[in-house]
file input05.cif (mmCIF, C-alpha atoms)
data_target
loop_
_atom_site.label_atom_id
_atom_site.label_comp_id
_atom_site.auth_asym_id
_atom_site.auth_seq_id
_atom_site.Cartn_x
_atom_site.Cartn_y
_atom_site.Cartn_z
CA MET G 1 293.28 22.64 230.91
CA THR G 2 291.57 25.86 231.98
CA ILE G 3 289.14 27.81 229.83
CA LEU G 4 291.86 30.42 229.27
CA THR G 5 294.37 27.94 227.80
CA PHE G 6 291.61 26.23 225.81
CA THR G 7 290.62 29.60 224.35
CA LEU G 8 294.18 30.63 223.48
CA ILE G 9 295.04 27.34 221.77
CA LEU G 10 291.74 27.36 219.90
CA LEU G 11 292.36 30.96 218.86
CA LEU G 12 295.70 29.97 217.35
CA GLY G 13 294.18 26.89 215.72
CA ALA G 14 291.32 28.90 214.25
CA TYR G 15 293.81 31.46 212.93
CA LEU G 16 295.73 28.72 211.11
CA ALA G 17 292.45 27.22 209.87
CA GLY G 18 291.37 30.57 208.45
CA LEU G 19 294.80 31.10 206.89
CA ALA G 20 294.96 27.66 205.29
CA GLY G 21 291.31 27.85 204.29
CA SER G 22 291.71 31.12 202.47
CA LEU G 23 295.02 30.20 200.79
CA THR G 24 293.64 26.95 199.40
CA GLY G 25 290.08 28.10 198.84
CA LEU G 26 288.59 25.40 201.05
CA GLY G 27 287.20 27.80 203.65
CA GLY G 28 287.63 27.87 207.41
CA GLY G 29 285.05 25.24 208.34
CA VAL G 30 286.80 22.12 207.08
CA VAL G 31 289.76 22.50 209.42
CA ILE G 32 287.72 23.59 212.44
CA ILE G 33 285.80 20.30 212.77
CA PRO G 34 288.84 17.95 212.93
CA LEU G 35 290.67 20.47 215.11
CA LEU G 36 287.86 20.52 217.66
CA THR G 37 286.97 16.83 217.58
CA LEU G 38 290.33 15.07 217.14
CA PHE G 39 292.52 17.52 219.06
CA PHE G 40 290.23 19.00 221.71
CA HIS G 41 287.84 16.01 221.95
CA VAL G 42 284.87 18.34 221.63
CA ASP G 43 281.55 16.69 220.71
CA ILE G 44 281.10 16.83 216.93
CA ARG G 45 277.78 18.68 217.30
CA TYR G 46 279.50 21.65 218.95
CA ALA G 47 282.16 21.40 216.24
CA ILE G 48 279.52 21.58 213.50
CA GLY G 49 278.00 24.69 215.09
CA ALA G 50 281.43 26.34 215.28
CA ALA G 51 282.28 25.36 211.70
CA LEU G 52 279.09 26.98 210.39
CA VAL G 53 280.00 30.25 212.06
CA ALA G 54 283.56 29.91 210.69
CA SER G 55 282.19 29.31 207.17
CA ILE G 56 280.09 32.45 207.32
CA ALA G 57 283.02 34.45 208.68
CA THR G 58 285.42 33.43 205.89
CA SER G 59 282.78 33.78 203.20
CA SER G 60 281.56 37.24 204.20
CA GLY G 61 285.08 38.42 204.98
CA SER G 62 286.58 37.52 201.64
CA ALA G 63 283.44 38.01 199.54
CA SER G 64 283.42 41.68 200.48
CA ALA G 65 286.79 42.00 198.73
CA TYR G 66 285.92 39.90 195.67
CA VAL G 67 282.53 41.53 195.07
CA LYS G 68 284.33 44.85 194.92
CA GLU G 69 286.51 43.61 192.07
CA GLY G 70 283.41 42.76 190.05
CA ILE G 71 284.31 39.12 189.39
CA THR G 72 281.42 37.60 191.36
CA ASN G 73 278.33 36.79 189.27
CA ILE G 74 275.61 37.92 191.67
CA ARG G 75 272.65 36.75 189.55
CA LEU G 76 274.15 33.31 189.18
CA GLY G 77 274.86 33.22 192.91
CA MET G 78 271.27 34.14 193.74
CA PHE G 79 269.80 31.59 191.32
CA LEU G 80 271.98 28.78 192.68
CA GLU G 81 271.33 29.79 196.27
CA ILE G 82 267.80 28.43 195.80
CA ALA G 83 269.42 25.01 195.36
CA THR G 84 271.99 25.37 198.13
CA THR G 85 269.66 26.82 200.78
CA ALA G 86 266.97 24.21 200.04
CA GLY G 87 269.68 21.55 200.26
CA ALA G 88 271.00 23.05 203.50
CA VAL G 89 267.57 22.95 205.13
CA LEU G 90 267.19 19.34 203.99
CA GLY G 91 270.64 18.56 205.41
CA ALA G 92 269.73 20.11 208.75
CA ILE G 93 266.61 17.92 208.86
CA LEU G 94 268.60 14.79 207.89
CA ALA G 95 271.10 15.58 210.63
CA ILE G 96 268.48 14.70 213.24
CA TYR G 97 268.31 11.12 211.96
CA THR G 98 272.00 10.66 211.22
CA PRO G 99 274.16 9.09 213.97
CA VAL G 100 277.20 11.26 214.83
CA ASN G 101 279.66 8.54 213.81
CA LEU G 102 278.12 8.41 210.36
CA VAL G 103 278.35 12.22 210.18
CA ALA G 104 282.08 11.90 210.93
CA ILE G 105 282.52 9.29 208.20
CA ILE G 106 280.66 11.37 205.60
CA PHE G 107 282.72 14.35 206.67
CA GLY G 108 285.93 12.37 206.14
CA PHE G 109 284.98 11.39 202.60
CA THR G 110 283.92 14.95 201.78
CA LEU G 111 287.32 16.14 203.02
CA ILE G 112 289.21 13.73 200.78
CA PHE G 113 287.11 14.81 197.83
CA SER G 114 287.76 18.49 198.66
CA ALA G 115 291.51 17.86 198.94
CA ALA G 116 291.55 16.20 195.54
CA MET G 117 289.54 19.06 194.06
CA THR G 118 292.08 21.69 195.10
CA LEU G 119 294.74 19.93 193.04
CA ARG G 120 292.91 19.38 189.78
CA LYS G 121 293.36 21.44 186.63
CA LYS G 122 291.33 24.61 186.46
CA HIS G 123 288.90 25.41 183.72
CA GLU G 124 290.16 28.71 182.36
CA GLY G 125 288.37 29.25 179.06
CA ALA G 126 285.24 31.32 178.62
CA LEU G 127 282.38 29.64 176.76
CA GLN G 128 281.21 31.62 173.71
CA GLU G 129 277.80 30.01 173.22
CA GLY G 130 275.50 29.34 176.19
CA SER G 131 272.46 27.12 176.53
CA LYS G 132 268.94 28.48 176.06
CA LEU G 133 268.28 28.55 179.79
CA SER G 134 271.39 30.63 180.44
CA TYR G 135 269.85 33.43 178.35
CA GLN G 136 266.41 33.08 179.89
CA LEU G 137 267.86 33.32 183.39
CA LYS G 138 270.24 36.13 182.42
CA LEU G 139 273.20 34.22 183.81
CA ASN G 140 275.74 35.08 181.11
CA SER G 141 278.05 37.87 182.15
CA SER G 142 281.57 39.22 181.92
CA TYR G 143 284.49 39.64 184.28
CA PRO G 144 287.69 41.68 184.41
CA THR G 145 291.00 39.98 183.64
CA LYS G 146 294.45 41.43 183.07
CA ASP G 147 293.72 41.32 179.33
CA GLY G 148 290.52 43.33 179.72
CA ILE G 149 286.86 42.44 180.14
CA VAL G 150 286.04 38.87 179.08
CA ASP G 151 282.50 37.74 178.25
CA TYR G 152 281.45 34.23 179.21
CA LYS G 153 278.37 32.08 178.80
CA LEU G 154 276.94 29.13 180.70
CA THR G 155 275.68 25.68 179.86
CA ASN G 156 274.30 22.58 181.69
CA ILE G 157 272.32 24.75 184.11
CA GLY G 158 270.19 21.81 185.28
CA ALA G 159 273.21 19.66 186.15
CA GLY G 160 274.86 22.57 187.95
CA PHE G 161 271.69 23.24 189.92
CA SER G 162 271.45 19.57 190.96
CA ILE G 163 275.07 19.40 192.16
CA MET G 164 274.43 22.60 194.09
CA THR G 165 271.55 20.94 195.93
CA VAL G 166 273.91 18.16 197.03
CA ALA G 167 276.49 20.78 198.03
CA GLY G 168 273.85 22.51 200.14
CA LEU G 169 272.76 19.22 201.70
CA LEU G 170 276.31 18.38 202.77
CA SER G 171 276.74 21.89 204.05
CA GLY G 172 273.61 21.58 206.19
CA LEU G 173 274.57 18.13 207.44
CA LEU G 174 278.25 18.78 208.16
CA GLY G 175 278.42 22.51 208.86
CA ILE G 176 280.97 23.17 206.14
CA GLY G 177 280.76 25.50 203.14
CA SER G 178 281.30 22.65 200.63
CA GLY G 179 283.10 25.09 198.39
CA ALA G 180 284.78 22.25 196.50
CA LEU G 181 281.46 20.82 195.33
CA LYS G 182 280.18 24.29 194.44
CA VAL G 183 283.20 24.95 192.28
CA LEU G 184 282.75 21.53 190.65
CA ALA G 185 279.18 22.42 189.71
CA MET G 186 280.15 25.75 188.19
CA ASP G 187 283.52 24.76 186.76
CA SER G 188 282.99 21.29 185.36
CA ALA G 189 279.26 21.33 184.64
CA MET G 190 278.44 24.92 183.77
CA LYS G 191 281.85 25.73 182.23
CA ILE G 192 282.34 29.00 184.05
CA PRO G 193 285.86 30.51 184.11
CA PHE G 194 287.69 29.50 187.26
CA ARG G 195 288.03 32.92 188.85
CA VAL G 196 284.31 33.53 188.49
CA SER G 197 283.33 30.14 189.91
CA THR G 198 285.65 30.45 192.91
CA THR G 199 284.49 33.90 193.90
CA THR G 200 280.82 33.19 193.25
CA SER G 201 281.06 29.94 195.22
CA ASN G 202 282.68 31.76 198.11
CA PHE G 203 279.98 34.42 197.93
CA MET G 204 277.30 31.72 198.20
CA VAL G 205 278.86 29.85 201.10
CA GLY G 206 277.77 32.51 203.61
CA VAL G 207 274.10 32.35 202.60
CA THR G 208 274.10 28.53 202.50
CA ALA G 209 275.71 28.31 205.93
CA ALA G 210 273.32 30.92 207.34
CA ALA G 211 270.34 28.86 206.15
CA SER G 212 271.38 25.94 208.34
CA ALA G 213 273.02 28.04 211.09
CA VAL G 214 269.61 29.46 212.07
CA VAL G 215 268.48 25.89 212.73
CA TYR G 216 271.62 24.83 214.57
CA LEU G 217 271.58 27.93 216.76
CA GLN G 218 268.08 26.98 217.90
CA ARG G 219 269.18 23.38 218.47
CA GLY G 220 271.88 24.59 220.86
CA TYR G 221 274.89 23.54 218.73
CA ILE G 222 276.55 26.95 218.89
CA ASP G 223 278.43 27.47 222.15
CA PRO G 224 279.71 31.00 222.91
CA GLY G 225 282.90 29.71 224.57
CA ILE G 226 283.89 27.96 221.32
CA ALA G 227 282.34 30.47 218.94
CA PHE G 228 284.28 33.53 220.03
CA PRO G 229 287.87 32.25 219.55
CA VAL G 230 286.72 30.63 216.30
CA ILE G 231 285.18 33.84 214.91
CA ILE G 232 288.18 36.00 215.81
CA GLY G 233 290.82 33.44 214.83
CA VAL G 234 289.25 32.53 211.49
CA LEU G 235 288.61 36.16 210.55
CA ALA G 236 292.20 37.16 211.33
CA GLY G 237 293.55 34.10 209.51
CA ALA G 238 291.42 34.67 206.43
CA PHE G 239 292.50 38.31 206.38
CA THR G 240 296.19 37.38 206.52
CA GLY G 241 295.57 34.74 203.86
CA SER G 242 293.96 37.16 201.43
CA LYS G 243 296.98 39.49 201.79
CA LEU G 244 299.47 36.63 201.37
CA LEU G 245 297.63 35.21 198.39
CA MET G 246 298.86 38.03 196.17
CA LYS G 247 302.51 37.48 197.12
CA ILE G 248 303.17 33.77 197.30
CA ASP G 249 302.80 30.80 194.98
CA VAL G 250 300.26 28.53 196.61
CA LYS G 251 300.87 25.51 194.38
CA LYS G 252 303.20 23.67 196.77
CA LEU G 253 301.16 24.78 199.74
CA LYS G 254 298.03 23.28 198.22
CA LEU G 255 299.79 19.95 197.76
CA ILE G 256 301.02 19.85 201.37
CA PHE G 257 297.61 20.91 202.61
CA SER G 258 295.82 18.29 200.52
CA VAL G 259 298.01 15.53 201.92
CA ALA G 260 297.47 16.79 205.48
CA ILE G 261 293.72 17.05 204.96
CA THR G 262 293.58 13.52 203.54
CA LEU G 263 295.41 12.12 206.59
CA ILE G 264 293.03 13.98 208.90
CA ALA G 265 290.09 12.69 206.88
CA LEU G 266 291.28 9.08 207.20
CA ASN G 267 291.57 9.62 210.94
CA MET G 268 287.98 10.92 211.06
CA ILE G 269 286.71 7.95 209.03
CA TYR G 270 288.64 5.46 211.19
CA ASN G 271 287.30 6.99 214.40
CA GLY G 272 283.81 7.10 212.92
CA PHE G 273 283.85 3.39 212.12
CA ASN G 274 285.11 2.66 215.63
CA HIS G 275 282.32 4.74 217.17
CA LYS G 276 284.68 7.18 218.84
CA PHE G 277 282.42 10.20 218.40
CA MET O 278 265.24 48.64 178.24
CA ASP O 279 268.49 50.05 179.54
CA THR O 280 271.56 50.10 177.40
CA LYS O 281 274.31 47.73 178.33
CA GLU O 282 276.44 50.55 179.74
CA ASN O 283 273.73 51.70 182.11
CA LYS O 284 273.06 48.21 183.36
CA LYS O 285 276.74 47.72 184.11
CA MET O 286 276.81 50.94 186.11
CA THR O 287 273.93 49.98 188.41
CA ASP O 288 275.25 46.44 188.83
CA TYR O 289 278.58 47.89 189.83
CA ASP O 290 277.01 50.21 192.42
CA VAL O 291 274.98 47.36 193.87
CA GLU O 292 278.09 45.21 194.10
CA GLN O 293 279.88 47.95 196.00
CA LEU O 294 276.97 48.23 198.41
CA ILE O 295 276.80 44.48 198.97
CA GLY O 296 280.53 44.48 199.62
CA GLN O 297 280.03 47.14 202.29
CA VAL O 298 277.20 45.23 203.98
CA LEU O 299 279.37 42.12 204.23
CA ARG O 300 282.40 44.02 205.47
CA TYR O 301 280.56 45.94 208.19
CA GLY O 302 278.58 42.88 209.27
CA VAL O 303 281.76 40.87 209.79
CA LEU O 304 283.50 43.80 211.49
CA ILE O 305 280.66 44.48 213.94
CA SER O 306 280.27 40.79 214.72
CA GLY O 307 284.01 40.47 215.34
CA ILE O 308 284.10 43.48 217.66
CA ILE O 309 281.11 42.21 219.68
CA ALA O 310 282.76 38.78 219.95
CA ILE O 311 286.05 40.31 221.15
CA ILE O 312 284.31 42.42 223.83
CA GLY O 313 282.21 39.48 225.01
CA GLY O 314 285.20 37.15 224.82
CA ILE O 315 287.49 39.27 226.98
CA LEU O 316 284.73 39.68 229.56
CA TYR O 317 284.05 35.96 229.45
CA LEU O 318 287.71 35.08 230.05
CA TYR O 319 287.84 37.60 232.87
CA GLN O 320 284.78 36.05 234.50
CA GLN O 321 285.29 32.35 233.78
CA GLY O 322 288.85 31.96 232.47
CA LYS O 323 289.94 29.86 235.46
CA GLY O 324 287.16 27.32 235.00
CA HIS O 325 287.47 24.12 232.99
CA PRO O 326 285.93 23.59 229.55
CA ASP O 327 283.43 20.76 229.27
CA TYR O 328 282.62 19.98 225.66
CA GLY O 329 283.31 16.26 225.63
CA THR O 330 279.65 15.40 225.82
CA PHE O 331 276.88 17.27 224.09
CA HIS O 332 274.38 18.97 226.38
CA GLY O 333 273.07 21.56 223.95
CA GLU O 334 272.85 25.21 224.85
CA THR O 335 270.10 26.26 227.23
CA ALA O 336 267.09 28.24 226.00
CA GLY O 337 268.74 31.58 226.82
CA TYR O 338 271.37 30.99 224.13
CA THR O 339 269.24 29.66 221.33
CA SER O 340 266.82 32.47 220.57
CA LEU O 341 267.08 36.18 220.01
CA THR O 342 264.69 36.96 222.89
CA GLY O 343 266.72 34.72 225.19
CA ILE O 344 269.95 36.43 224.18
CA ILE O 345 268.50 39.92 224.68
CA GLU O 346 267.20 38.85 228.09
CA GLY O 347 270.69 37.61 228.99
CA LEU O 348 272.28 40.85 227.79
CA LYS O 349 270.17 42.79 230.29
CA HIS O 350 271.96 40.90 233.05
CA GLY O 351 275.35 41.74 231.57
CA SER O 352 276.17 38.12 230.70
CA ALA O 353 279.49 37.86 228.81
CA THR O 354 278.50 34.67 226.99
CA GLU O 355 275.29 36.34 225.80
CA ILE O 356 277.36 39.19 224.33
CA ILE O 357 279.34 36.61 222.33
CA GLN O 358 276.10 34.96 221.24
CA LEU O 359 274.87 38.34 219.99
CA GLY O 360 278.05 38.54 217.89
CA VAL O 361 277.18 35.11 216.47
CA VAL O 362 273.67 36.30 215.60
CA VAL O 363 275.09 39.36 213.81
CA MET O 364 277.43 37.06 211.90
CA ILE O 365 274.55 34.80 210.81
CA ALA O 366 272.39 37.83 209.96
CA THR O 367 275.02 39.36 207.65
CA PRO O 368 274.50 37.10 204.60
CA ILE O 369 270.73 37.26 205.13
CA LEU O 370 270.88 41.04 205.16
CA ARG O 371 272.95 40.80 202.00
CA ILE O 372 270.06 38.97 200.28
CA ILE O 373 267.64 41.70 201.35
CA PHE O 374 269.94 44.30 199.78
CA SER O 375 270.08 42.25 196.59
CA LEU O 376 266.29 42.13 196.60
CA LEU O 377 266.10 45.91 196.89
CA SER O 378 268.53 46.32 194.02
CA PHE O 379 266.52 43.97 191.79
CA ILE O 380 263.40 45.97 192.66
CA VAL O 381 265.17 49.18 191.62
CA GLU O 382 266.24 47.48 188.37
CA ARG O 383 262.68 46.15 187.91
CA ASP O 384 264.10 42.72 187.24
CA LYS O 385 260.93 40.70 187.90
CA LEU O 386 262.56 37.31 187.42
CA TYR O 387 265.26 38.02 189.98
CA ILE O 388 262.87 39.67 192.43
CA PHE O 389 261.02 36.35 192.37
CA LEU O 390 264.14 34.18 192.67
CA THR O 391 265.46 36.28 195.57
CA LEU O 392 262.10 36.00 197.34
CA VAL O 393 262.31 32.21 196.99
CA VAL O 394 265.73 32.20 198.70
CA LEU O 395 264.39 34.43 201.47
CA ALA O 396 261.35 32.19 201.89
CA ILE O 397 263.56 29.11 202.30
CA ILE O 398 265.66 30.83 204.97
CA THR O 399 262.53 32.10 206.75
CA PHE O 400 261.17 28.57 206.72
CA SER O 401 264.46 27.33 208.16
CA MET O 402 264.22 29.95 210.91
CA PHE O 403 260.59 29.51 211.92
CA GLY O 404 259.68 26.14 210.41
CA GLY O 405 259.98 24.22 213.65
CA LEU O 406 263.13 22.41 212.55
CA LYS O 407 264.56 22.93 215.99
CA VAL O 408 263.41 19.52 217.29
#
call {"tool": "encode", "arguments": {"input": "input05.cif", "output": "structure tokens"}}
result
Amino acid sequence: MTILTFTLILLLGAYLAGLAGSLTGLGGGVVIIPLLTLFFHVDIRYAIGAALVASIATSSGSASAYVKEGITNIRLGMFLEIATTAGAVLGAILAIYTPVNLVAIIFGFTLIFSAAMTLRKKHEGALQEGSKLSYQLKLNSSYPTKDGIVDYKLTNIGAGFSIMTVAGLLSGLLGIGSGALKVLAMDSAMKIPFRVSTTTSNFMVGVTAAASAVVYLQRGYIDPGIAFPVIIGVLAGAFTGSKLLMKIDVKKLKLIFSVAITLIALNMIYNGFNHKF
Amino acid sequence: MDTKENKKMTDYDVEQLIGQVLRYGVLISGIIAIIGGILYLYQQGKGHPDYGTFHGETAGYTSLTGIIEGLKHGSATEIIQLGVVVMIATPILRIIFSLLSFIVERDKLYIFLTLVVLAIITFSMFGGLKV
């Protein structure tokens, strides 16, 4: 395989990764790592570097649209970014001491968890009474829905913050956005309406990934020959996805994608245990 | 203390601005990557990729000074790497814009929280985590 064919196939793969990532809300990074390691037999460290760049690309690309709609809770995002960036730095440090096969296994389990998360029931309601801390930190806000502006309040801030630290840690260790864990923290713990938690999570992914990307760039994980088709492919895919999202029902798609992701994850775990990385 | 209406207005403006920062950052990064990528394929497209074992990028690709040095020699891969740096810088720039907006709003708590986030990222950048 020449560099030209490698680039073209990777470009197509990254496009599909960006498309699937944006339609299901999982982000571009989760598909990039198995694509590079299992299909192209690229060393997982290069794959992690590429996935970080892909995560930033999808996050910034789609966040620019969501922020405009006024759904994203910017204060909440900033407050929780303390947890995710600190976690990401910790993850990047842990990565030095973690054997690559173990990284692959952890990645596999995170994938299965993410796949399951895309299928679960969404928390739609808006909480009317928030905890004391939610007032002190000015986290309660409102967002536009088709029935007008809806006010919502937050609770369990401490639990949410803790889960966010873990999300950041996994993001720093694996190079993914860990959007699924971020949504879990905001949705299940802090009881934020689903649309707000998804967009705010997506908004935060870019900053979290950037916090570890600056380390990985210096460690030489980010290769230009892999990075450029990934950036262009994922951006184009995420763009197509955001347009399609308004027109199609993603329910069935999510189910198919979750099954596919789970199979890929099992493959990663199997290869990890057999020291194939 | 501002009325609720006023606060909403400034928040809205800030959100628009942040949206713009993200959009342009991604766009510029993408354009740089495309230019570098086409040049790279033109120069090295017939070669064979070697990513099976991890070597790590050489010093020229892992720091801003190294990348700028490479750009002076017209290196295609360094152009791509510049695109990567712009991509990574975009969310960081976004935080700086948020900081400015909190300063304008005189929101002391959030000026502090934003500075903490910036401090963590700065530590990540210069904290010798490279190893």
call {"tool": "closest_residue", "arguments": {"input": "input05.cif", "among": "G:Leu169, G:Val183, G:Ile93, G:Gly225", "to": "O:Gln358", "atoms": "only C-alpha atoms"}}
result
G:Gly225
call {"tool": "interface_residues", "arguments": {"input": "input05.cif", "of": "chain G", "to": "chain O", "cutoff": "6 Å", "atoms": "only C-alpha atoms", "output": "PyMOL selection string"}}
result
chain G and resi 2-4+41-43+60+64+67-68+82+206-207+210-211+214-215+217-221+224+228
call {"tool": "write_last_selection", "arguments": {"input": "input05.cif", "atoms": "C-alpha atoms", "output": "tab-separated table (two decimals), in the frame of the given file"}}
result
chain	number	residue	atom	x	y	z
G	2	THR	CA	291.57	25.86	231.98
G	3	ILE	CA	289.14	27.81	229.83
G	4	LEU	CA	291.86	30.42	229.27
G	41	HIS	CA	287.84	16.01	221.95
G	42	VAL	CA	284.87	18.34	221.63
G	43	ASP	CA	281.55	16.69	220.71
G	60	SER	CA	281.56	37.24	204.20
G	64	SER	CA	283.42	41.68	200.48
G	67	VAL	CA	282.53	41.53	195.07
G	68	LYS	CA	284.33	44.85	194.92
G	82	ILE	CA	267.80	28.43	195.80
G	206	GLY	CA	277.77	32.51	203.61
G	207	VAL	CA	274.10	32.35	202.60
G	210	ALA	CA	273.32	30.92	207.34
G	211	ALA	CA	270.34	28.86	206.15
G	214	VAL	CA	269.61	29.46	212.07
G	215	VAL	CA	268.48	25.89	212.73
G	217	LEU	CA	271.58	27.93	216.76
G	218	GLN	CA	268.08	26.98	217.90
G	219	ARG	CA	269.18	23.38	218.47
G	220	GLY	CA	271.88	24.59	220.86
G	221	TYR	CA	274.89	23.54	218.73
G	224	PRO	CA	279.71	31.00	222.91
G	228	PHE	CA	284.28	33.53	220.03
call {"tool": "resolve_selection", "arguments": {"input": "input05.cif", "expression": "the PyMOL selection byres ((chain G and resi 150) around 12)", "output": "PDB file with C-alpha atoms, keeping the file's coordinate frame"}}
result
ATOM      1  CA  GLY G  70     283.410  42.760 190.050  1.00  0.00           C
ATOM      2  CA  ILE G  71     284.310  39.120 189.390  1.00  0.00           C
ATOM      3  CA  GLU G 124     290.160  28.710 182.360  1.00  0.00           C
ATOM      4  CA  GLY G 125     288.370  29.250 179.060  1.00  0.00           C
ATOM      5  CA  ALA G 126     285.240  31.320 178.620  1.00  0.00           C
ATOM      6  CA  LEU G 127     282.380  29.640 176.760  1.00  0.00           C
ATOM      7  CA  GLN G 128     281.210  31.620 173.710  1.00  0.00           C
ATOM      8  CA  ASN G 140     275.740  35.080 181.110  1.00  0.00           C
ATOM      9  CA  SER G 141     278.050  37.870 182.150  1.00  0.00           C
ATOM     10  CA  SER G 142     281.570  39.220 181.920  1.00  0.00           C
ATOM     11  CA  TYR G 143     284.490  39.640 184.280  1.00  0.00           C
ATOM     12  CA  PRO G 144     287.690  41.680 184.410  1.00  0.00           C
ATOM     13  CA  THR G 145     291.000  39.980 183.640  1.00  0.00           C
ATOM     14  CA  LYS G 146     294.450  41.430 183.070  1.00  0.00           C
ATOM     15  CA  ASP G 147     293.720  41.320 179.330  1.00  0.00           C
ATOM     16  CA  GLY G 148     290.520  43.330 179.720  1.00  0.00           C
ATOM     17  CA  ILE G 149     286.860  42.440 180.140  1.00  0.00           C
ATOM     18  CA  ASP G 151     282.500  37.740 178.250  1.00  0.00           C
ATOM     19  CA  TYR G 152     281.450  34.230 179.210  1.00  0.00           C
ATOM     20  CA  LYS G 153     278.370  32.080 178.800  1.00  0.00           C
ATOM     21  CA  ILE G 192     282.340  29.000 184.050  1.00  0.00           C
ATOM     22  CA  PRO G 193     285.860  30.510 184.110  1.00  0.00           C
ATOM     23  CA  ARG G 195     288.030  32.920 188.850  1.00  0.00           C
ATOM     24  CA  VAL G 196     284.310  33.530 188.490  1.00  0.00           C
TER      25      VAL G 196
END
call {"tool": "resolve_selection", "arguments": {"input": "input05.cif", "expression": "the PyMOL selection byres ((chain G and resi 272) around 10)", "output": "ChimeraX atom specification"}}
result
/G:99-108,266-271,273-277
call {"tool": "resolve_selection", "arguments": {"input": "input05.cif", "expression": "the PyMOL selection byres ((chain G and resi 20-29) around 7)", "output": "list in words"}}
result
Leu16, Ala17, Gly18, Leu19, Val30, Val31, Ile32, Ile33, Ala51, Leu52, Ala54, Ser55, Thr58, Thr118, Ile176, Gly177, Gly179, Ala180, Val234, Ala238, Gly241, Ser242, Leu245, Val250 and Lys254 of chain G
call {"tool": "atom_distance", "arguments": {"input": "input05.cif", "atom1": "atom CA of G:Leu184", "atom2": "atom CA of G:Ala227"}}
result
29.7 Å
call {"tool": "atom_distance", "arguments": {"input": "input05.cif", "atom1": "atom CA of G:Phe39", "atom2": "atom CA of G:Thr7"}}
result
13.3 Å
call {"tool": "axis_aligned_box", "arguments": {"input": "input05.cif", "around": "stretch 258-270 of chain G", "padding_each_side": "5 Å", "output": "lines of an AutoDock Vina configuration file"}}
result
center_x = 292.4
center_y = 11.9
center_z = 205.9
size_x = 21.3
size_y = 22.8
size_z = 20.7
call {"tool": "atom_distance", "arguments": {"input": "input05.cif", "atom1": "atom CA of O:Phe374", "atom2": "atom CA of G:Val53"}}
result
21.2 Å
call {"tool": "residues_near_point", "arguments": {"input": "input05.cif", "point": "(273.2, 37.1, 186.5)", "cutoff": "7 Å", "atoms": "only C-alpha atoms", "output": "JSON, numbers by chain"}}
result
{"G": [73, 74, 75, 76, 138, 139, 140, 141]}
